[in-house]
Amino acid sequence: MIKRKSRLSDMNTGKSGVILSVDGGKKTVDQLDSIGVRIGAHIIKKASLAGKGPLVVQTANTEVAIGYLTARKIWVEVD
Amino acid sequence: MNILLMGNPNVGKSAIFSHLTGVSIQTSNYPGTTVEYTKGSMTYNKQKYTVIDVPGTYRLNPESQAEQVATSMLDSGDILVNVVDATNLERNLNLTLQLMKYKKPMVLVLNMWDDALRKGIEINVEKLEYLLKMPVITTNGVTGEGVELLPEKCITAKPTYSPEMTPATRWQKVGDIVGQVQNLSKRKISFTEKLQDLTIHPLFGLPLASVVLFVLFKGIVFAGEQMTQMTEALFHRYYTPLLLKFGDFLGKGSFWYEVLLGTIGKSGIHYESAMGVLTTGIFVSFGIVFPYILLFYIVFGFLEDLGYLPRVAVIMDKMLHRIGLHGYSVIPMFLACGCNVPGLMALRNLETRRERFITGVITCTVIPCMAQTSLIFKAVGERGNVYVTLVFLTLATVWAVLGVFLKHAVRGNTPTLILEIPPYRIPNFKNQVKKVWMRLKCFMKEAVPYVFLGVFLMNILHVTGVIDIIGKALSPLINGIFGLPAETVGALIIGTVRKDAALALLLPLGLTDIQMVIAVVVLTLYIPCVATVTVLFKELGVKDALKALGVMFITTVVTGGGLNLLCRIYTLKTVIFVEQALAFILIYIISSMFKQKTDEISEAL
C-alpha cells in the first residue's frame with residue numbers, strides 16, 4: 001500500500017500516521033518533543049477547529065492541542 | 001535533607017505532597033496549577049525531612065517561568081521523587097531519564113494507578129525497577145493509597161544515573177523500556193472519552209461551551225440572589241438585636257458608634273447604607289459577597305477537576321489570537337473571575353513577556369472578581385436587566401478593543417498553542433469540599449479585613465472632611481467627564497483598597513440609573529484593589545506594572561467619559577447598539593493604523 005505524505009494541518013480528522021519531520025525552529029521542536037509530538041511518533045488527529053483554529057492529536061495516551069501554524073510545519077506519513 | 005517532588009505538569013504531585021506532609025494545597029485537572037514551589041515537612045524514623053512540591057515541567061531546558069522554577073531547584077534536592085502519570089508512561093519517562101543525569105537518589109511514583117488499570121494499562125513494576133535501577137511504587141494521589149510506602153523508599157534510595165542523550169536517543173530508550181514493561185489490553189470507549197471528543201468538536205465545541213458557561217453563570221446569579229435574600233433575613237432576625245444592644249452600650253452619637261455602627265434610623269438598621277464596620281462591613285462580606293463566592297468556587301472547582309478548562313482554552317484559541325494571546329490565557333482569566341490575585345499568579349505559565357503583559361492588563365482591567373460581580377448585581381440588577389446588560393456589554397467591548405490595541409501596540413511574539421489536554425476525571429467529593437473550604441478561608445483571611453479597613457477609612461475620611469476636599473479637587477474628572485456627583489470620590493478612593501466595599505459605598509448615594517451604570521463600570525475598570533496591585537508588580541515587574549496601571553487609567557477615562565456622552569445623546573437601548581458599532585469602528589481603525597509586525601512566532605521560526 002502506498003502511504004501519503006501530508007502536513008498535519010491538512011490531514012483529515014480521524015486519520016492516523018507517523019510524524020516524519022517538524023520544520024519549526026528549535027524552540028518549537030523542543031517543546032513538541034518534550035510533550036511527545038516527535039519524529040517517529042504515531043499520532044491520531046482527533047479534531048480540528050474551524051477557521052484555521054488549533055487541532056488536537058493523540059500520541060501514545062496523551063491528547064495535545066497544537067496551533068494551526070505549528071501544525072502546518074509537521075509532516076506526517078498517513079496510514 | 002530536601003526531598004523534591006518532580007514530574008510533568010498535571011500528574012498529581014501536589015496531591016502526593018498533601019498526603020506526605022499534611023499541608024493542604026490546591027490541586028486541579030489542568031497543566032500549570034502549581035506555579036510556585038511549596039515546602040512542607042515529614043518525619044520518618046524520628047528524622048525530619050523537608051518536602052518540596054515543585055511546579056511541573058516537561059523538560060529541563062524550560063521556557064515558562066514555572067518550568068524555570070522547577071529546573072533551578074534541582075541542585076537543592078537531596079532525593080528526587082519523580083511522580084509519573086501511569087496512564088502516560090512513555091511521555092513521563094522522558095523526563096525521568098533527564099532527571100537521572102543528576103546522579104541523585106531517585107524514587108519513581110506511578111500515580112493514577114487506578115486510572116491506568118481502568119484503561120487496561122498493565123505495568124510490570126518489578127521490571128521497571130530493574131531497568132531504571134530505582135524503587136518504583138504505585139499510588140492513587142486522590143485517596144492517598146500507596147503514599148505510605150514513599151518515605152521508606154526515599155530513605156533507602158540509591159543514586160542512579162543515565163548519561164546525557166540526544167532527544168531522539170532518549171525517546172528510543174524510553175520506547176525500549178515501555179515496550180518491555182507495559183501491556184495494553186483493548187477495551188470499550190467510555191462515556192467520559194466520548195464526552196471528551198464532543199467538547200472539542202469543531203461544530204459542537206463552541207456552542208456547547210457557550211451554553212455550559214452561560215447556564216452556570218446564570219445559575220450562580222440566580223442562586224446567589226436567593227441566598228442573599230436569605231442571609232439578609234437572617235441578619236435582621238439574629239444580628240440586628242445584638243447590634244442594637246451594642247449601640248446602646250456605645251452611646252448614640254459617639255465616635256465609635258459612628259465608626260462601628262454608622263447611621264441607624266428609627267426604622268432599624270439598613271445594612272447597605274449604614275456605613276459602619278459592623279453593619280455595612282459585615283453585611284457586604286457575608287450577606288452579599290459570601291454566597292456568590294461560595295457558589296462560584298463550587299462550580300469552578302468542579303470544572304477545574306473535571307478537566308474542562310484546557311478544552312475551553314482550545315476552543316477559544318482562535319478568538320484570543322485576535323488580541324495577541326493564545327488559548328491558555330483563558331485559564332488566568334477564568335481564575336480571575338473568582339479573584340484577580342490567583343489569576344495574575346497563573347501568568348507564570350505563559351511563555352512571553354508580551355502574553356503576560358496583555359493577559360495581566362486585560363485581567364486587571366476588565367474582569368471583575370466574584371466579589372465585584374455580586375455587588376454589580378446588587379447595585380445595578382435591582383434597577384433592571386437592561387442596566388446589567390449595558391455594564392457587561394461595555395466590559396466585553398473594552399475587552400475586545402483594548403485587546404486589539406494591545407496586540408498591535410505591545411512588541412514581541414505570541415507563540416502558538418501547544419497544550420496537553422488531560423482526560424476528564426470525575427471530581428472527588430472530599431477533594432472538592434476541601435478546595436472550596438481552602439478558598440473560602442483565603443477569602444475570609446485576605447479579603448474580609450480589607451472590606452472592614454475600607455469602610456473604616458471611609459468613615460475617617462468622612463468625619464475629618466478630607467473626602468470633601470478630594471471631591472472638590474477631582475470634580476472636573478468625576479463630574480465633568482463621568483457625569484457623577486462629587487460624593488462618588490469616596491467609593492473611588494476605597495476602590496483602591498477593596499472593590500466590593502467601594503461598590504457598596506455607591507448604594508446609598510441616590511445615583512440615577514445611568515449614573516449607577518457609569519459608576520460601576522468606572523469602578524471595575526480603574527486601578528485594581530491593593531492585593532491585586534501588589535501581585536501585579538511582582539508578576540510584571542515595576543516598569544510593566546506602571547505601564548499597565550497607566551493603560552487602566554486611560555481606559556477608564558475614555559470608557560467612563562464615552563459612556564456618559566453616549567447616554568446623554570441616545571436612549572439606553574440605542575446606547576447598546578451605538579457602543580457596539582463604535583467598537584467595530586475602533587477595532588478597524590486600530591488595525592489599520594498599526595502595521596501588523598508581530599504575531600505568530602511560528603511564522604518567524
# chains A, B, ... in the order shown; residues from 1 in each chain; ligands from 1
>>> closest_atom_pairs(of="chain B", to="chain A", cutoff="10 Å", atoms="only C-alpha atoms", output="tab-separated table")
residue	atom	partner	partner_atom	distance
B:Asn8	CA	A:Ile35	CA	9.1
B:Thr57	CA	A:Ser34	CA	9.2
B:Tyr58	CA	A:Ser34	CA	5.6
B:Arg59	CA	A:Ser34	CA	6.0
B:Leu60	CA	A:Ser34	CA	9.5
B:Asn61	CA	A:Asp30	CA	8.8
B:Pro62	CA	A:Gln31	CA	8.7
B:Glu63	CA	A:Lys27	CA	8.5
B:Thr87	CA	A:Asn61	CA	6.8
B:Asn88	CA	A:Asn61	CA	5.5
B:Leu89	CA	A:Asn61	CA	8.5
B:Glu90	CA	A:Ala60	CA	7.3
B:Arg91	CA	A:Gly36	CA	5.6
B:Asn92	CA	A:Ile35	CA	8.7
B:Asn94	CA	A:Ser34	CA	7.4
B:Leu95	CA	A:Ser34	CA	8.0
B:Pro167	CA	A:Asp33	CA	7.6
B:Ala168	CA	A:Ile39	CA	8.1
B:Trp171	CA	A:Gly36	CA	8.8
B:Gln172	CA	A:Gly40	CA	9.7
B:Asp197	CA	A:Lys46	CA	7.5
B:Leu198	CA	A:Ala47	CA	9.6
B:Ile200	CA	A:Ala47	CA	6.8
B:His201	CA	A:Ala47	CA	6.3
B:Pro202	CA	A:Leu49	CA	4.5
B:Leu203	CA	A:Ala50	CA	7.9
B:Gly205	CA	A:Leu49	CA	8.7
B:Leu206	CA	A:Leu49	CA	9.4
B:Pro310	CA	A:Ala65	CA	9.1
B:Arg311	CA	A:Ala65	CA	8.9
B:Ala313	CA	A:Ala65	CA	9.3
B:Val314	CA	A:Pro54	CA	6.6
B:Ile315	CA	A:Leu49	CA	7.4
B:Met316	CA	A:Gly53	CA	8.9
B:Asp317	CA	A:Gly53	CA	6.9
B:Lys318	CA	A:Gly53	CA	5.2
B:Met319	CA	A:Gly53	CA	8.8
B:His321	CA	A:Gly53	CA	9.6
B:His326	CA	A:Gly67	CA	8.7
B:Gly327	CA	A:Pro54	CA	9.2
B:Pro415	CA	A:Gly67	CA	8.8
B:Thr416	CA	A:Gly67	CA	5.0
B:Leu417	CA	A:Gly67	CA	4.7
B:Ile418	CA	A:Ile66	CA	4.7
B:Leu419	CA	A:Ala65	CA	5.1
B:Glu420	CA	A:Val64	CA	4.4
B:Ile421	CA	A:Glu63	CA	5.3
B:Pro422	CA	A:Glu63	CA	7.0
B:Pro423	CA	A:Glu63	CA	8.0
B:Glu600	CA	A:Leu69	CA	7.8
B:Ile601	CA	A:Leu69	CA	9.0
B:Ser602	CA	A:Thr70	CA	6.1
B:Glu603	CA	A:Leu69	CA	7.4
B:Ala604	CA	A:Gly25	CA	8.5
B:Leu605	CA	A:Gly25	CA	4.7
>>> residues_around(residues="Met333 (chain B)", least_positions_apart="4", cutoff="10 Å", atoms="only C-alpha atoms", output="list in words")
Tyr328, Ser329, Cys337, Gly338, Cys339, Asn340, Pro342, Gly343, Leu344, Ala346, Leu347, Thr359, Gly360, Ile362, Thr363, Cys364, Val366, Ile367, Pro368 and Cys369 of chain B
>>> write_last_selection(atoms="C-alpha atoms", output="compact mmCIF listing (two decimals), in the first residue's frame")
# COMPACT_ATOMS: atom_id res chain seq x y z
CA TYR B 328 -4.05 29.16 27.56
CA SER B 329 -4.71 32.80 28.60
CA CYS B 337 -13.41 35.67 37.77
CA GLY B 338 -13.08 34.33 41.32
CA CYS B 339 -10.26 36.62 42.47
CA ASN B 340 -7.77 38.59 40.37
CA PRO B 342 -4.62 33.83 41.56
CA GLY B 343 -5.46 34.93 38.01
CA LEU B 344 -2.33 37.08 37.90
CA ALA B 346 -1.19 31.99 36.73
CA LEU B 347 0.52 34.38 34.25
CA THR B 359 -3.25 39.00 29.79
CA GLY B 360 -2.32 40.87 33.00
CA ILE B 362 -6.92 42.67 30.43
CA THR B 363 -7.45 40.58 33.56
CA CYS B 364 -6.99 43.50 35.95
CA VAL B 366 -11.94 44.16 32.50
CA ILE B 367 -12.55 41.05 34.55
CA PRO B 368 -14.48 41.73 37.76
CA CYS B 369 -13.78 39.29 40.59
>>> residues_around(residues="Ile189 (chain B)", least_positions_apart="4", cutoff="10 Å", atoms="only C-alpha atoms", output="list in words")
Lys119, Glu193 and Lys194 of chain B
>>> write_last_selection(atoms="N, CA and C atoms", output="compact mmCIF listing (two decimals), in the first residue's frame")
# COMPACT_ATOMS: atom_id res chain seq x y z
N LYS B 119 -8.05 1.77 32.41
CA LYS B 119 -7.85 1.95 30.96
C LYS B 119 -7.20 0.73 30.32
N GLU B 193 -14.81 9.51 27.67
CA GLU B 193 -13.99 9.68 26.46
C GLU B 193 -14.83 10.22 25.30
N LYS B 194 -16.09 9.76 25.22
CA LYS B 194 -16.99 10.28 24.18
C LYS B 194 -17.25 11.77 24.42
>>> closest_atom_pairs(of="region 20-42 of chain A", to="region 5-11 of chain A", cutoff="10 Å", atoms="only C-alpha atoms", output="JSON lines")
{"residue": "A:Leu20", "atom": "CA", "partner": "A:Lys5", "partner_atom": "CA", "distance": 8.5}
{"residue": "A:Ser21", "atom": "CA", "partner": "A:Arg7", "partner_atom": "CA", "distance": 9.7}
{"residue": "A:Val22", "atom": "CA", "partner": "A:Arg7", "partner_atom": "CA", "distance": 9.7}
>>> write_last_selection(atoms="N, CA and C atoms", output="PDB file, in the first residue's frame")
ATOM      1  N   LEU A  20       6.985  12.483  10.283  1.00  0.00           N
ATOM      2  CA  LEU A  20       8.226  12.351   9.516  1.00  0.00           C
ATOM      3  C   LEU A  20       9.215  13.461   9.842  1.00  0.00           C
ATOM      4  N   SER A  21       8.710  14.686   9.948  1.00  0.00           N
ATOM      5  CA  SER A  21       9.601  15.817  10.247  1.00  0.00           C
ATOM      6  C   SER A  21       8.816  16.980  10.845  1.00  0.00           C
ATOM      7  N   VAL A  22       9.551  17.830  11.557  1.00  0.00           N
ATOM      8  CA  VAL A  22       8.953  19.053  12.105  1.00  0.00           C
ATOM      9  C   VAL A  22       9.824  20.204  11.620  1.00  0.00           C
TER      10      VAL A  22
END
>>> atom_distance(atom1="CA of Trp437 (chain B)", atom2="CA of Ile293 (chain B)")
11.1 Å
>>> residues_around(residues="Leu586 (chain B)", least_positions_apart="6", cutoff="12 Å", atoms="only C-alpha atoms", output="PyMOL selection string")
chain B and resi 397-398+400-405+579-580+592-593
>>> write_last_selection(atoms="N, CA and C atoms", output="PDB file, in the first residue's frame")
ATOM      1  N   THR B 397     -16.931  44.947  25.438  1.00  0.00           N
ATOM      2  CA  THR B 397     -16.456  45.820  24.364  1.00  0.00           C
ATOM      3  C   THR B 397     -15.044  46.312  24.670  1.00  0.00           C
ATOM      4  N   VAL B 398     -14.830  46.723  25.921  1.00  0.00           N
ATOM      5  CA  VAL B 398     -13.490  47.188  26.324  1.00  0.00           C
ATOM      6  C   VAL B 398     -12.497  46.039  26.171  1.00  0.00           C
ATOM      7  N   ALA B 400     -12.482  43.635  24.027  1.00  0.00           N
ATOM      8  CA  ALA B 400     -12.135  43.447  22.612  1.00  0.00           C
ATOM      9  C   ALA B 400     -11.273  44.596  22.088  1.00  0.00           C
ATOM     10  N   VAL B 401     -11.707  45.832  22.345  1.00  0.00           N
ATOM     11  CA  VAL B 401     -10.986  46.994  21.786  1.00  0.00           C
ATOM     12  C   VAL B 401      -9.596  47.101  22.415  1.00  0.00           C
ATOM     13  N   LEU B 402      -9.541  46.976  23.739  1.00  0.00           N
ATOM     14  CA  LEU B 402      -8.250  47.065  24.437  1.00  0.00           C
ATOM     15  C   LEU B 402      -7.332  45.935  23.980  1.00  0.00           C
ATOM     16  N   GLY B 403      -7.905  44.745  23.814  1.00  0.00           N
ATOM     17  CA  GLY B 403      -7.117  43.597  23.378  1.00  0.00           C
ATOM     18  C   GLY B 403      -6.503  43.825  22.010  1.00  0.00           C
ATOM     19  N   VAL B 404      -7.314  44.312  21.060  1.00  0.00           N
ATOM     20  CA  VAL B 404      -6.803  44.561  19.703  1.00  0.00           C
ATOM     21  C   VAL B 404      -5.726  45.654  19.747  1.00  0.00           C
ATOM     22  N   PHE B 405      -5.964  46.685  20.567  1.00  0.00           N
ATOM     23  CA  PHE B 405      -4.975  47.758  20.691  1.00  0.00           C
ATOM     24  C   PHE B 405      -3.655  47.193  21.237  1.00  0.00           C
ATOM     25  N   GLU B 579     -22.744  51.625  20.981  1.00  0.00           N
ATOM     26  CA  GLU B 579     -21.487  51.196  21.611  1.00  0.00           C
ATOM     27  C   GLU B 579     -20.822  50.089  20.791  1.00  0.00           C
ATOM     28  N   GLN B 580     -21.636  49.118  20.362  1.00  0.00           N
ATOM     29  CA  GLN B 580     -21.077  48.011  19.584  1.00  0.00           C
ATOM     30  C   GLN B 580     -20.557  48.502  18.234  1.00  0.00           C
ATOM     31  N   SER B 592      -5.941  49.226  11.207  1.00  0.00           N
ATOM     32  CA  SER B 592      -5.395  49.897  10.019  1.00  0.00           C
ATOM     33  C   SER B 592      -4.196  50.772  10.374  1.00  0.00           C
ATOM     34  N   MET B 593      -4.246  51.396  11.559  1.00  0.00           N
ATOM     35  CA  MET B 593      -3.168  52.309  11.964  1.00  0.00           C
ATOM     36  C   MET B 593      -1.841  51.583  12.142  1.00  0.00           C
TER      37      MET B 593
END
>>> closest_residue(among="B:Thr279, B:Ser591, B:Thr389, B:Thr352", to="His408 (chain B)", atoms="only C-alpha atoms")
B:Ser591
>>> select_by_dssp(residues="region 367-434 of chain B", states="alpha helix (DSSP H)", output="ChimeraX atom specification")
/B:370-376,385-409,429-434
>>> residues_around(residues="Leu506 (chain B)", least_positions_apart="6", cutoff="9 Å", atoms="only C-alpha atoms", output="count of residues only")
9
>>> residues_around(residues="region 450-455 of chain B", least_positions_apart="5", cutoff="6 Å", atoms="only C-alpha atoms", output="list of chain:residue names")
B:Val277, B:Gly281, B:Ile494, B:Ala501
>>> write_last_selection(atoms="N, CA, C and O atoms", output="PDB file, in the first residue's frame")
ATOM      1  N   VAL B 277     -18.535  49.660  60.316  1.00  0.00           N
ATOM      2  CA  VAL B 277     -17.703  48.471  60.096  1.00  0.00           C
ATOM      3  C   VAL B 277     -18.501  47.205  60.434  1.00  0.00           C
ATOM      4  O   VAL B 277     -18.447  46.210  59.712  1.00  0.00           O
ATOM      5  N   GLY B 281     -19.921  46.781  56.742  1.00  0.00           N
ATOM      6  CA  GLY B 281     -18.699  45.984  56.555  1.00  0.00           C
ATOM      7  C   GLY B 281     -18.988  44.501  56.631  1.00  0.00           C
ATOM      8  O   GLY B 281     -18.599  43.726  55.741  1.00  0.00           O
ATOM      9  N   ILE B 494     -11.800  54.270  48.075  1.00  0.00           N
ATOM     10  CA  ILE B 494     -11.869  52.969  48.767  1.00  0.00           C
ATOM     11  C   ILE B 494     -11.679  51.825  47.768  1.00  0.00           C
ATOM     12  O   ILE B 494     -11.189  50.751  48.124  1.00  0.00           O
ATOM     13  N   ALA B 501     -16.166  46.712  48.630  1.00  0.00           N
ATOM     14  CA  ALA B 501     -16.507  47.733  49.625  1.00  0.00           C
ATOM     15  C   ALA B 501     -16.843  49.048  48.922  1.00  0.00           C
ATOM     16  O   ALA B 501     -17.787  49.762  49.296  1.00  0.00           O
TER      17      ALA B 501
END
